[in-house]
Amino acid sequence: MAFALLSLVLVLAAFALMLGYTIRTGISPVPTTPRVADEIFAACPPESLIPPEAGNVVYELGSGWGNLAMALAKRFPERAVVGYELSPLPWLVSRLLLRLRPRPNLALHRADFMAADLSDAALVVCYLYPGAMRRLREKLERELPAGALVVSNAFLVPGWQPNSVRHAADQYETAVYLYRMPPEPESELTVAP
Ligand SMILES: C[S@@+](CC[C@H](N)C(=O)[O-])C[C@H]1O[C@@H](n2cnc3c(N)ncnc32)[C@H](O)[C@@H]1O
């Protein structure tokens with residue numbers, strides 16, 4: 001009985017913690033699906049085509065449970081991969097998974113990515129929401145070196161023209177947007193007379 005009660009309290013506390021951070025960050029830690037991850041990796045150019053003037057580091061902004069960060073670390077073994085996640089529970093799970101499957105080039109920080117210095121980025125990957133993309137835009141324009149790449153799952157960077165758009169083979173045909181710094185301004189749609 002005491003064990004059941006303790007378990008219930010722990011589950012409720014975990015739920016409250018997740019909910020609190022979902023409200024704080026504006027998004028729950030829902031992971032990228034494998035099909036969308038395929039498109040993210042297909043959107044990333046091969047290592048040899050990432051221009052040398054870009055930085056060296058691959059960032060995942062809001063690394064959630066760590067699945068995508070681990071796949072990025074595997075895909076880019078020569079680069080440091082850094083994930084930032086604010087929500088404690090997903091971050092803790094991602095750290096435990098990393099303990100179980102160590103990746104020497106991967107660091108997972110419990111921190112606000114808006115306070116991180118991204119000026120050494122080669123690639124920034126994110127899966128956020130429109131409000132966060134709006135806030136992020138200015139930071140990316142200020143900090144990212146020329147040639148750095150930005151890949152966004154599902155959400156456009158407002159005001160930027162994507163260099164390419166891919167669609168996942170899922171029921172929503174989820175879009176994956178690729179940008180190269182400095183970004184082109186969004187082109188106006190011209191309506192034929
Ligand atoms: C939709 S989830 C994506 C998780 C992971 N990137 C993936 O694709 O599987 C977005 C994550 O971003 C985190 N997040 C949102 N704003 C953040 C911030 N300012 N700093 C750190 N993490 C943030 C949320 O806590 C959430 O876990």
# chains A, B, ... in the order shown; residues from 1 in each chain; ligands from 1
call {"tool": "residues_near_ligand", "arguments": {"ligand": "ligand 1", "cutoff": "7 Å", "atoms": "only C-alpha atoms and all ligand atoms", "output": "PDB file with N, CA and C atoms, in the first residue's frame"}}
result
ATOM      1  N   TYR A  21       7.164  22.732 -16.966  1.00  0.00           N
ATOM      2  CA  TYR A  21       8.172  23.144 -17.954  1.00  0.00           C
ATOM      3  C   TYR A  21       7.578  23.294 -19.352  1.00  0.00           C
ATOM      4  N   THR A  22       6.501  22.551 -19.624  1.00  0.00           N
ATOM      5  CA  THR A  22       5.827  22.745 -20.915  1.00  0.00           C
ATOM      6  C   THR A  22       5.236  24.153 -20.960  1.00  0.00           C
ATOM      7  N   THR A  25       8.337  26.656 -21.222  1.00  0.00           N
ATOM      8  CA  THR A  25       9.052  26.738 -22.507  1.00  0.00           C
ATOM      9  C   THR A  25       8.097  26.944 -23.675  1.00  0.00           C
ATOM     10  N   GLY A  26       6.818  26.629 -23.467  1.00  0.00           N
ATOM     11  CA  GLY A  26       5.851  26.800 -24.548  1.00  0.00           C
ATOM     12  C   GLY A  26       5.683  25.551 -25.396  1.00  0.00           C
ATOM     13  N   ILE A  27       6.404  24.474 -25.045  1.00  0.00           N
ATOM     14  CA  ILE A  27       6.278  23.249 -25.855  1.00  0.00           C
ATOM     15  C   ILE A  27       6.609  22.025 -25.006  1.00  0.00           C
ATOM     16  N   SER A  28       5.888  20.930 -25.268  1.00  0.00           N
ATOM     17  CA  SER A  28       6.164  19.692 -24.536  1.00  0.00           C
ATOM     18  C   SER A  28       7.336  18.970 -25.208  1.00  0.00           C
ATOM     19  N   PRO A  29       7.939  18.032 -24.480  1.00  0.00           N
ATOM     20  CA  PRO A  29       9.132  17.379 -25.050  1.00  0.00           C
ATOM     21  C   PRO A  29       8.791  16.252 -26.030  1.00  0.00           C
ATOM     22  N   VAL A  30       7.873  16.522 -26.942  1.00  0.00           N
ATOM     23  CA  VAL A  30       7.492  15.480 -27.900  1.00  0.00           C
ATOM     24  C   VAL A  30       8.661  15.229 -28.855  1.00  0.00           C
ATOM     25  N   PRO A  31       9.065  13.966 -29.013  1.00  0.00           N
ATOM     26  CA  PRO A  31      10.262  13.713 -29.819  1.00  0.00           C
ATOM     27  C   PRO A  31       9.995  13.744 -31.323  1.00  0.00           C
ATOM     28  N   THR A  32      11.010  14.041 -32.082  1.00  0.00           N
ATOM     29  CA  THR A  32      10.961  13.913 -33.537  1.00  0.00           C
ATOM     30  C   THR A  32      10.721  12.451 -33.888  1.00  0.00           C
ATOM     31  N   GLU A  60      21.753  21.077 -30.976  1.00  0.00           N
ATOM     32  CA  GLU A  60      20.325  20.784 -30.993  1.00  0.00           C
ATOM     33  C   GLU A  60      19.663  21.642 -29.915  1.00  0.00           C
ATOM     34  N   LEU A  61      18.749  22.504 -30.343  1.00  0.00           N
ATOM     35  CA  LEU A  61      18.130  23.466 -29.422  1.00  0.00           C
ATOM     36  C   LEU A  61      16.822  22.890 -28.900  1.00  0.00           C
ATOM     37  N   GLY A  62      16.835  22.462 -27.644  1.00  0.00           N
ATOM     38  CA  GLY A  62      15.695  21.757 -27.057  1.00  0.00           C
ATOM     39  C   GLY A  62      15.844  20.280 -27.373  1.00  0.00           C
ATOM     40  N   SER A  63      16.787  19.617 -26.685  1.00  0.00           N
ATOM     41  CA  SER A  63      17.173  18.246 -27.099  1.00  0.00           C
ATOM     42  C   SER A  63      16.275  17.172 -26.503  1.00  0.00           C
ATOM     43  N   GLY A  64      15.266  17.556 -25.725  1.00  0.00           N
ATOM     44  CA  GLY A  64      14.259  16.603 -25.264  1.00  0.00           C
ATOM     45  C   GLY A  64      14.853  15.381 -24.584  1.00  0.00           C
ATOM     46  N   TRP A  65      14.428  14.194 -25.055  1.00  0.00           N
ATOM     47  CA  TRP A  65      14.848  12.916 -24.462  1.00  0.00           C
ATOM     48  C   TRP A  65      16.189  12.461 -25.011  1.00  0.00           C
ATOM     49  N   GLY A  66      16.735  13.205 -25.957  1.00  0.00           N
ATOM     50  CA  GLY A  66      18.103  12.930 -26.418  1.00  0.00           C
ATOM     51  C   GLY A  66      18.219  12.046 -27.646  1.00  0.00           C
ATOM     52  N   ASN A  67      17.090  11.518 -28.149  1.00  0.00           N
ATOM     53  CA  ASN A  67      17.181  10.581 -29.283  1.00  0.00           C
ATOM     54  C   ASN A  67      17.862  11.207 -30.501  1.00  0.00           C
ATOM     55  N   LEU A  68      17.380  12.425 -30.853  1.00  0.00           N
ATOM     56  CA  LEU A  68      17.920  13.046 -32.061  1.00  0.00           C
ATOM     57  C   LEU A  68      19.370  13.484 -31.837  1.00  0.00           C
ATOM     58  N   TYR A  84      20.845  21.385 -25.774  1.00  0.00           N
ATOM     59  CA  TYR A  84      20.362  22.169 -24.630  1.00  0.00           C
ATOM     60  C   TYR A  84      18.914  21.806 -24.374  1.00  0.00           C
ATOM     61  N   GLU A  85      18.606  21.505 -23.128  1.00  0.00           N
ATOM     62  CA  GLU A  85      17.227  21.168 -22.767  1.00  0.00           C
ATOM     63  C   GLU A  85      16.934  21.745 -21.378  1.00  0.00           C
ATOM     64  N   LEU A  86      15.790  22.421 -21.263  1.00  0.00           N
ATOM     65  CA  LEU A  86      15.438  23.033 -19.970  1.00  0.00           C
ATOM     66  C   LEU A  86      14.648  22.094 -19.070  1.00  0.00           C
ATOM     67  N   SER A  87      13.804  21.268 -19.663  1.00  0.00           N
ATOM     68  CA  SER A  87      12.902  20.449 -18.856  1.00  0.00           C
ATOM     69  C   SER A  87      13.694  19.339 -18.141  1.00  0.00           C
ATOM     70  N   PRO A  90      13.049  15.066 -19.086  1.00  0.00           N
ATOM     71  CA  PRO A  90      13.636  14.586 -20.345  1.00  0.00           C
ATOM     72  C   PRO A  90      15.158  14.700 -20.348  1.00  0.00           C
ATOM     73  N   ALA A 111      20.026  23.613 -19.807  1.00  0.00           N
ATOM     74  CA  ALA A 111      20.192  25.070 -19.878  1.00  0.00           C
ATOM     75  C   ALA A 111      19.263  25.631 -20.943  1.00  0.00           C
ATOM     76  N   ASP A 112      19.054  26.943 -20.870  1.00  0.00           N
ATOM     77  CA  ASP A 112      18.237  27.670 -21.830  1.00  0.00           C
ATOM     78  C   ASP A 112      19.100  27.967 -23.061  1.00  0.00           C
ATOM     79  N   PHE A 113      18.688  27.461 -24.209  1.00  0.00           N
ATOM     80  CA  PHE A 113      19.524  27.697 -25.398  1.00  0.00           C
ATOM     81  C   PHE A 113      19.567  29.175 -25.780  1.00  0.00           C
ATOM     82  N   MET A 114      18.579  29.982 -25.305  1.00  0.00           N
ATOM     83  CA  MET A 114      18.609  31.408 -25.643  1.00  0.00           C
ATOM     84  C   MET A 114      19.796  32.101 -24.973  1.00  0.00           C
ATOM     85  N   CYS A 126      16.487  22.199 -34.783  1.00  0.00           N
ATOM     86  CA  CYS A 126      15.473  22.481 -33.762  1.00  0.00           C
ATOM     87  C   CYS A 126      14.100  21.977 -34.178  1.00  0.00           C
ATOM     88  N   TYR A 127      13.289  21.731 -33.158  1.00  0.00           N
ATOM     89  CA  TYR A 127      11.878  21.349 -33.334  1.00  0.00           C
ATOM     90  C   TYR A 127      11.140  22.096 -32.227  1.00  0.00           C
ATOM     91  N   LEU A 128      10.644  23.305 -32.578  1.00  0.00           N
ATOM     92  CA  LEU A 128      10.090  24.183 -31.544  1.00  0.00           C
ATOM     93  C   LEU A 128       8.653  24.563 -31.900  1.00  0.00           C
TER      94      LEU A 128
END
call {"tool": "residues_around", "arguments": {"residues": "Pro52 in chain A", "least_positions_apart": "5", "cutoff": "10 Å", "atoms": "only C-alpha atoms", "output": "VMD selection string"}}
result
chain A and resid 122 146 to 148
call {"tool": "closest_residue", "arguments": {"among": "A:Ser48, A:Ser187, A:Ser94, A:Asn56", "to": "Leu118 in chain A", "atoms": "only C-alpha atoms"}}
result
A:Asn56
call {"tool": "closest_residue", "arguments": {"among": "A:Leu156, A:Ala16, A:Val124, A:Leu6", "to": "Lys139 in chain A", "atoms": "only C-alpha atoms"}}
result
A:Val124
call {"tool": "closest_residue", "arguments": {"among": "A:Leu49, A:Val11, A:Val176, A:Leu72", "to": "Pro162 in chain A", "atoms": "only C-alpha atoms"}}
result
A:Val176
call {"tool": "atom_distance", "arguments": {"atom1": "CA of Thr174 in chain A", "atom2": "CA of Pro158 in chain A"}}
result
17.2 Å
call {"tool": "select_by_dssp", "arguments": {"residues": "range 57-139 of chain A", "states": "strand (DSSP E or B)", "output": "PDB file with N, CA, C and O atoms, in the first residue's frame"}}
result
ATOM      1  N   VAL A  57      30.625  23.160 -34.520  1.00  0.00           N
ATOM      2  CA  VAL A  57      29.761  22.479 -33.552  1.00  0.00           C
ATOM      3  C   VAL A  57      28.351  22.286 -34.125  1.00  0.00           C
ATOM      4  O   VAL A  57      27.833  23.149 -34.827  1.00  0.00           O
ATOM      5  N   VAL A  58      27.775  21.126 -33.808  1.00  0.00           N
ATOM      6  CA  VAL A  58      26.371  20.860 -34.161  1.00  0.00           C
ATOM      7  C   VAL A  58      25.547  21.079 -32.888  1.00  0.00           C
ATOM      8  O   VAL A  58      25.840  20.483 -31.842  1.00  0.00           O
ATOM      9  N   TYR A  59      24.549  21.960 -32.966  1.00  0.00           N
ATOM     10  CA  TYR A  59      23.696  22.238 -31.796  1.00  0.00           C
ATOM     11  C   TYR A  59      22.296  21.681 -32.017  1.00  0.00           C
ATOM     12  O   TYR A  59      21.719  21.842 -33.103  1.00  0.00           O
ATOM     13  N   GLU A  60      21.753  21.077 -30.976  1.00  0.00           N
ATOM     14  CA  GLU A  60      20.325  20.784 -30.993  1.00  0.00           C
ATOM     15  C   GLU A  60      19.663  21.642 -29.915  1.00  0.00           C
ATOM     16  O   GLU A  60      19.979  21.528 -28.717  1.00  0.00           O
ATOM     17  N   LEU A  61      18.749  22.504 -30.343  1.00  0.00           N
ATOM     18  CA  LEU A  61      18.130  23.466 -29.422  1.00  0.00           C
ATOM     19  C   LEU A  61      16.822  22.890 -28.900  1.00  0.00           C
ATOM     20  O   LEU A  61      15.835  22.791 -29.636  1.00  0.00           O
ATOM     21  N   VAL A  81      28.851  17.680 -30.682  1.00  0.00           N
ATOM     22  CA  VAL A  81      27.400  17.878 -30.767  1.00  0.00           C
ATOM     23  C   VAL A  81      26.940  18.297 -29.372  1.00  0.00           C
ATOM     24  O   VAL A  81      27.273  17.649 -28.373  1.00  0.00           O
ATOM     25  N   VAL A  82      26.181  19.398 -29.308  1.00  0.00           N
ATOM     26  CA  VAL A  82      25.757  19.943 -28.012  1.00  0.00           C
ATOM     27  C   VAL A  82      24.245  20.093 -28.014  1.00  0.00           C
ATOM     28  O   VAL A  82      23.684  20.710 -28.927  1.00  0.00           O
ATOM     29  N   GLY A  83      23.596  19.509 -27.012  1.00  0.00           N
ATOM     30  CA  GLY A  83      22.151  19.663 -26.870  1.00  0.00           C
ATOM     31  C   GLY A  83      21.851  20.508 -25.639  1.00  0.00           C
ATOM     32  O   GLY A  83      22.507  20.378 -24.605  1.00  0.00           O
ATOM     33  N   TYR A  84      20.845  21.385 -25.774  1.00  0.00           N
ATOM     34  CA  TYR A  84      20.362  22.169 -24.630  1.00  0.00           C
ATOM     35  C   TYR A  84      18.914  21.806 -24.374  1.00  0.00           C
ATOM     36  O   TYR A  84      18.098  21.804 -25.305  1.00  0.00           O
ATOM     37  N   LEU A 106      29.304  13.934 -27.676  1.00  0.00           N
ATOM     38  CA  LEU A 106      27.993  14.531 -27.348  1.00  0.00           C
ATOM     39  C   LEU A 106      27.960  15.068 -25.919  1.00  0.00           C
ATOM     40  O   LEU A 106      28.323  14.368 -24.969  1.00  0.00           O
ATOM     41  N   ALA A 107      27.522  16.329 -25.782  1.00  0.00           N
ATOM     42  CA  ALA A 107      27.296  16.923 -24.456  1.00  0.00           C
ATOM     43  C   ALA A 107      25.844  17.378 -24.380  1.00  0.00           C
ATOM     44  O   ALA A 107      25.339  18.008 -25.321  1.00  0.00           O
ATOM     45  N   LEU A 108      25.183  17.047 -23.286  1.00  0.00           N
ATOM     46  CA  LEU A 108      23.774  17.425 -23.099  1.00  0.00           C
ATOM     47  C   LEU A 108      23.680  18.312 -21.866  1.00  0.00           C
ATOM     48  O   LEU A 108      23.933  17.848 -20.750  1.00  0.00           O
ATOM     49  N   HIS A 109      23.340  19.571 -22.086  1.00  0.00           N
ATOM     50  CA  HIS A 109      23.307  20.535 -20.979  1.00  0.00           C
ATOM     51  C   HIS A 109      21.871  20.846 -20.584  1.00  0.00           C
ATOM     52  O   HIS A 109      21.020  21.026 -21.456  1.00  0.00           O
ATOM     53  N   ALA A 121      28.777  27.549 -34.450  1.00  0.00           N
ATOM     54  CA  ALA A 121      27.893  26.517 -35.022  1.00  0.00           C
ATOM     55  C   ALA A 121      28.223  26.221 -36.479  1.00  0.00           C
ATOM     56  O   ALA A 121      28.460  27.129 -37.284  1.00  0.00           O
ATOM     57  N   ALA A 122      28.227  24.918 -36.808  1.00  0.00           N
ATOM     58  CA  ALA A 122      28.206  24.494 -38.215  1.00  0.00           C
ATOM     59  C   ALA A 122      26.765  24.193 -38.601  1.00  0.00           C
ATOM     60  O   ALA A 122      26.348  24.428 -39.731  1.00  0.00           O
ATOM     61  N   LEU A 123      26.020  23.658 -37.631  1.00  0.00           N
ATOM     62  CA  LEU A 123      24.650  23.218 -37.893  1.00  0.00           C
ATOM     63  C   LEU A 123      23.822  23.405 -36.627  1.00  0.00           C
ATOM     64  O   LEU A 123      24.286  23.054 -35.526  1.00  0.00           O
ATOM     65  N   VAL A 124      22.626  23.950 -36.790  1.00  0.00           N
ATOM     66  CA  VAL A 124      21.674  24.090 -35.679  1.00  0.00           C
ATOM     67  C   VAL A 124      20.404  23.330 -36.072  1.00  0.00           C
ATOM     68  O   VAL A 124      19.869  23.551 -37.158  1.00  0.00           O
ATOM     69  N   VAL A 125      19.967  22.436 -35.198  1.00  0.00           N
ATOM     70  CA  VAL A 125      18.758  21.658 -35.468  1.00  0.00           C
ATOM     71  C   VAL A 125      17.728  21.991 -34.392  1.00  0.00           C
ATOM     72  O   VAL A 125      18.085  22.080 -33.201  1.00  0.00           O
ATOM     73  N   CYS A 126      16.487  22.199 -34.783  1.00  0.00           N
ATOM     74  CA  CYS A 126      15.473  22.481 -33.762  1.00  0.00           C
ATOM     75  C   CYS A 126      14.100  21.977 -34.178  1.00  0.00           C
ATOM     76  O   CYS A 126      13.811  21.810 -35.365  1.00  0.00           O
TER      77      CYS A 126
END
call {"tool": "residues_around", "arguments": {"residues": "Gln161 in chain A", "least_positions_apart": "4", "cutoff": "12 Å", "atoms": "only C-alpha atoms", "output": "list in words"}}
result
Val150, Leu156, Val157, Val165, Tyr177, Leu178, Tyr179, Arg180, Met181, Pro182, Pro183, Glu184, Pro185, Glu186, Ser187, Glu188 and Leu189 of chain A
call {"tool": "write_last_selection", "arguments": {"atoms": "N, CA and C atoms", "output": "CSV table (one decimal), in the first residue's frame"}}
result
chain,number,residue,atom,x,y,z
A,150,VAL,N,20.9,25.8,-40.7
A,150,VAL,CA,19.8,25.7,-39.7
A,150,VAL,C,18.8,24.7,-40.3
A,156,LEU,N,8.8,27.2,-39.8
A,156,LEU,CA,9.6,28.1,-40.6
A,156,LEU,C,10.3,29.1,-39.7
A,157,VAL,N,11.4,29.6,-40.0
A,157,VAL,CA,12.0,30.8,-39.4
A,157,VAL,C,11.3,32.0,-40.1
A,165,VAL,N,13.1,22.6,-48.9
A,165,VAL,CA,12.0,22.1,-48.0
A,165,VAL,C,11.8,20.6,-48.4
A,177,TYR,N,12.8,22.2,-42.9
A,177,TYR,CA,13.3,23.4,-43.6
A,177,TYR,C,14.8,23.5,-43.4
A,178,LEU,N,15.5,23.7,-44.5
A,178,LEU,CA,17.0,24.0,-44.4
A,178,LEU,C,17.3,25.4,-44.8
A,179,TYR,N,18.1,26.1,-44.0
A,179,TYR,CA,18.6,27.4,-44.3
A,179,TYR,C,20.1,27.5,-44.2
A,180,ARG,N,20.7,28.3,-45.0
A,180,ARG,CA,22.1,28.5,-45.0
A,180,ARG,C,22.3,30.0,-44.6
A,181,MET,N,23.2,30.2,-43.7
A,181,MET,CA,23.5,31.6,-43.2
A,181,MET,C,24.4,32.3,-44.2
A,182,PRO,N,24.3,33.6,-44.5
A,182,PRO,CA,23.1,34.4,-44.1
A,182,PRO,C,21.9,34.1,-44.9
A,183,PRO,N,20.7,34.1,-44.3
A,183,PRO,CA,19.5,33.7,-45.0
A,183,PRO,C,19.0,34.7,-46.0
A,184,GLU,N,18.4,34.2,-47.0
A,184,GLU,CA,17.7,35.1,-48.0
A,184,GLU,C,16.4,35.6,-47.3
A,185,PRO,N,16.0,36.9,-47.5
A,185,PRO,CA,14.7,37.3,-47.0
A,185,PRO,C,13.6,36.5,-47.7
A,186,GLU,N,12.5,36.2,-47.0
A,186,GLU,CA,11.4,35.5,-47.6
A,186,GLU,C,10.9,36.2,-48.8
A,187,SER,N,10.7,35.4,-49.9
A,187,SER,CA,10.3,36.0,-51.1
A,187,SER,C,8.8,36.2,-51.1
A,188,GLU,N,8.3,37.3,-51.7
A,188,GLU,CA,6.9,37.6,-51.8
A,188,GLU,C,6.3,36.7,-52.8
A,189,LEU,N,5.1,36.2,-52.5
A,189,LEU,CA,4.4,35.4,-53.5
A,189,LEU,C,3.8,36.4,-54.6
call {"tool": "closest_residue", "arguments": {"among": "A:Leu149, A:Ala154, A:Met1, A:Met70", "to": "Arg99 in chain A", "atoms": "only C-alpha atoms"}}
result
A:Met70
call {"tool": "residues_around", "arguments": {"residues": "Arg75 in chain A", "least_positions_apart": "4", "cutoff": "12 Å", "atoms": "only C-alpha atoms", "output": "PyMOL selection string"}}
result
chain A and resi 37-38+40-42+44-47+58+68-71+79-81+103+105-106
call {"tool": "write_last_selection", "arguments": {"atoms": "N, CA, C and O atoms", "output": "PDB file, in the first residue's frame"}}
result
ATOM      1  N   ALA A  37      13.001  12.382 -38.683  1.00  0.00           N
ATOM      2  CA  ALA A  37      14.460  12.337 -38.483  1.00  0.00           C
ATOM      3  C   ALA A  37      15.153  11.952 -39.783  1.00  0.00           C
ATOM      4  O   ALA A  37      16.193  12.534 -40.141  1.00  0.00           O
ATOM      5  N   ASP A  38      14.567  11.026 -40.538  1.00  0.00           N
ATOM      6  CA  ASP A  38      15.156  10.650 -41.843  1.00  0.00           C
ATOM      7  C   ASP A  38      15.297  11.884 -42.729  1.00  0.00           C
ATOM      8  O   ASP A  38      16.314  12.064 -43.403  1.00  0.00           O
ATOM      9  N   ILE A  40      15.402  15.038 -41.751  1.00  0.00           N
ATOM     10  CA  ILE A  40      16.389  15.964 -41.174  1.00  0.00           C
ATOM     11  C   ILE A  40      17.789  15.548 -41.632  1.00  0.00           C
ATOM     12  O   ILE A  40      18.584  16.376 -42.087  1.00  0.00           O
ATOM     13  N   PHE A  41      18.050  14.242 -41.584  1.00  0.00           N
ATOM     14  CA  PHE A  41      19.384  13.786 -41.985  1.00  0.00           C
ATOM     15  C   PHE A  41      19.581  13.916 -43.488  1.00  0.00           C
ATOM     16  O   PHE A  41      20.681  14.216 -43.941  1.00  0.00           O
ATOM     17  N   ALA A  42      18.498  13.713 -44.241  1.00  0.00           N
ATOM     18  CA  ALA A  42      18.616  13.878 -45.693  1.00  0.00           C
ATOM     19  C   ALA A  42      18.842  15.351 -46.042  1.00  0.00           C
ATOM     20  O   ALA A  42      19.514  15.666 -47.034  1.00  0.00           O
ATOM     21  N   CYS A  44      20.519  17.532 -44.235  1.00  0.00           N
ATOM     22  CA  CYS A  44      21.883  17.944 -43.870  1.00  0.00           C
ATOM     23  C   CYS A  44      22.832  17.527 -44.987  1.00  0.00           C
ATOM     24  O   CYS A  44      22.860  16.354 -45.350  1.00  0.00           O
ATOM     25  N   PRO A  45      23.619  18.450 -45.506  1.00  0.00           N
ATOM     26  CA  PRO A  45      24.553  18.047 -46.548  1.00  0.00           C
ATOM     27  C   PRO A  45      25.648  17.168 -45.965  1.00  0.00           C
ATOM     28  O   PRO A  45      25.871  17.188 -44.749  1.00  0.00           O
ATOM     29  N   PRO A  46      26.344  16.393 -46.825  1.00  0.00           N
ATOM     30  CA  PRO A  46      27.441  15.593 -46.306  1.00  0.00           C
ATOM     31  C   PRO A  46      28.490  16.499 -45.667  1.00  0.00           C
ATOM     32  O   PRO A  46      28.613  17.684 -46.023  1.00  0.00           O
ATOM     33  N   GLU A  47      29.201  15.938 -44.749  1.00  0.00           N
ATOM     34  CA  GLU A  47      30.247  16.646 -43.993  1.00  0.00           C
ATOM     35  C   GLU A  47      31.113  17.518 -44.913  1.00  0.00           C
ATOM     36  O   GLU A  47      31.377  18.681 -44.625  1.00  0.00           O
ATOM     37  N   VAL A  58      27.775  21.126 -33.808  1.00  0.00           N
ATOM     38  CA  VAL A  58      26.371  20.860 -34.161  1.00  0.00           C
ATOM     39  C   VAL A  58      25.547  21.079 -32.888  1.00  0.00           C
ATOM     40  O   VAL A  58      25.840  20.483 -31.842  1.00  0.00           O
ATOM     41  N   LEU A  68      17.380  12.425 -30.853  1.00  0.00           N
ATOM     42  CA  LEU A  68      17.920  13.046 -32.061  1.00  0.00           C
ATOM     43  C   LEU A  68      19.370  13.484 -31.837  1.00  0.00           C
ATOM     44  O   LEU A  68      20.213  13.349 -32.729  1.00  0.00           O
ATOM     45  N   ALA A  69      19.653  13.971 -30.640  1.00  0.00           N
ATOM     46  CA  ALA A  69      21.034  14.403 -30.341  1.00  0.00           C
ATOM     47  C   ALA A  69      21.997  13.217 -30.494  1.00  0.00           C
ATOM     48  O   ALA A  69      23.100  13.363 -31.042  1.00  0.00           O
ATOM     49  N   MET A  70      21.554  12.038 -30.044  1.00  0.00           N
ATOM     50  CA  MET A  70      22.430  10.861 -30.164  1.00  0.00           C
ATOM     51  C   MET A  70      22.622  10.476 -31.618  1.00  0.00           C
ATOM     52  O   MET A  70      23.721  10.116 -32.032  1.00  0.00           O
ATOM     53  N   ALA A  71      21.548  10.570 -32.395  1.00  0.00           N
ATOM     54  CA  ALA A  71      21.671  10.257 -33.826  1.00  0.00           C
ATOM     55  C   ALA A  71      22.573  11.293 -34.520  1.00  0.00           C
ATOM     56  O   ALA A  71      23.357  10.937 -35.404  1.00  0.00           O
ATOM     57  N   ARG A  79      32.587  15.941 -35.148  1.00  0.00           N
ATOM     58  CA  ARG A  79      32.204  17.246 -34.600  1.00  0.00           C
ATOM     59  C   ARG A  79      31.676  17.098 -33.182  1.00  0.00           C
ATOM     60  O   ARG A  79      31.095  16.075 -32.840  1.00  0.00           O
ATOM     61  N   ALA A  80      31.844  18.164 -32.397  1.00  0.00           N
ATOM     62  CA  ALA A  80      31.179  18.204 -31.099  1.00  0.00           C
ATOM     63  C   ALA A  80      29.693  18.443 -31.358  1.00  0.00           C
ATOM     64  O   ALA A  80      29.327  19.287 -32.179  1.00  0.00           O
ATOM     65  N   VAL A  81      28.851  17.680 -30.682  1.00  0.00           N
ATOM     66  CA  VAL A  81      27.400  17.878 -30.767  1.00  0.00           C
ATOM     67  C   VAL A  81      26.940  18.297 -29.372  1.00  0.00           C
ATOM     68  O   VAL A  81      27.273  17.649 -28.373  1.00  0.00           O
ATOM     69  N   ARG A 103      28.616   8.507 -26.076  1.00  0.00           N
ATOM     70  CA  ARG A 103      29.063   9.128 -27.333  1.00  0.00           C
ATOM     71  C   ARG A 103      30.007  10.242 -26.921  1.00  0.00           C
ATOM     72  O   ARG A 103      29.571  11.283 -26.440  1.00  0.00           O
ATOM     73  N   ASN A 105      31.519  12.495 -28.362  1.00  0.00           N
ATOM     74  CA  ASN A 105      31.400  13.832 -28.967  1.00  0.00           C
ATOM     75  C   ASN A 105      30.092  14.523 -28.609  1.00  0.00           C
ATOM     76  O   ASN A 105      29.785  15.573 -29.170  1.00  0.00           O
ATOM     77  N   LEU A 106      29.304  13.934 -27.676  1.00  0.00           N
ATOM     78  CA  LEU A 106      27.993  14.531 -27.348  1.00  0.00           C
ATOM     79  C   LEU A 106      27.960  15.068 -25.919  1.00  0.00           C
ATOM     80  O   LEU A 106      28.323  14.368 -24.969  1.00  0.00           O
TER      81      LEU A 106
END
call {"tool": "decode", "arguments": {"residues": "range 18-25 of chain A", "atoms": "N, CA, C and O atoms", "output": "compact mmCIF listing (two decimals), in the first residue's frame"}}
result
# COMPACT_ATOMS: atom_id res chain seq x y z
N MET A 18 6.71 18.03 -15.65
CA MET A 18 6.67 18.12 -17.13
C MET A 18 5.71 19.22 -17.56
O MET A 18 6.01 20.01 -18.46
N LEU A 19 4.56 19.27 -16.90
CA LEU A 19 3.56 20.28 -17.25
C LEU A 19 4.09 21.69 -16.99
O LEU A 19 3.97 22.59 -17.82
N GLY A 20 4.73 21.84 -15.83
CA GLY A 20 5.29 23.16 -15.48
C GLY A 20 6.30 23.63 -16.52
O GLY A 20 6.26 24.79 -16.95
N TYR A 21 7.16 22.73 -16.97
CA TYR A 21 8.17 23.14 -17.95
C TYR A 21 7.58 23.29 -19.35
O TYR A 21 8.07 24.09 -20.14
N THR A 22 6.50 22.55 -19.62
CA THR A 22 5.83 22.74 -20.92
C THR A 22 5.24 24.15 -20.96
O THR A 22 5.34 24.86 -21.97
N ILE A 23 4.67 24.58 -19.82
CA ILE A 23 4.10 25.94 -19.77
C ILE A 23 5.23 26.97 -19.87
O ILE A 23 5.16 27.94 -20.60
N ARG A 24 6.33 26.70 -19.17
CA ARG A 24 7.44 27.67 -19.17
C ARG A 24 8.08 27.80 -20.55
O ARG A 24 8.35 28.92 -21.01
N THR A 25 8.34 26.66 -21.22
CA THR A 25 9.05 26.74 -22.51
C THR A 25 8.10 26.94 -23.67
O THR A 25 8.52 27.33 -24.75
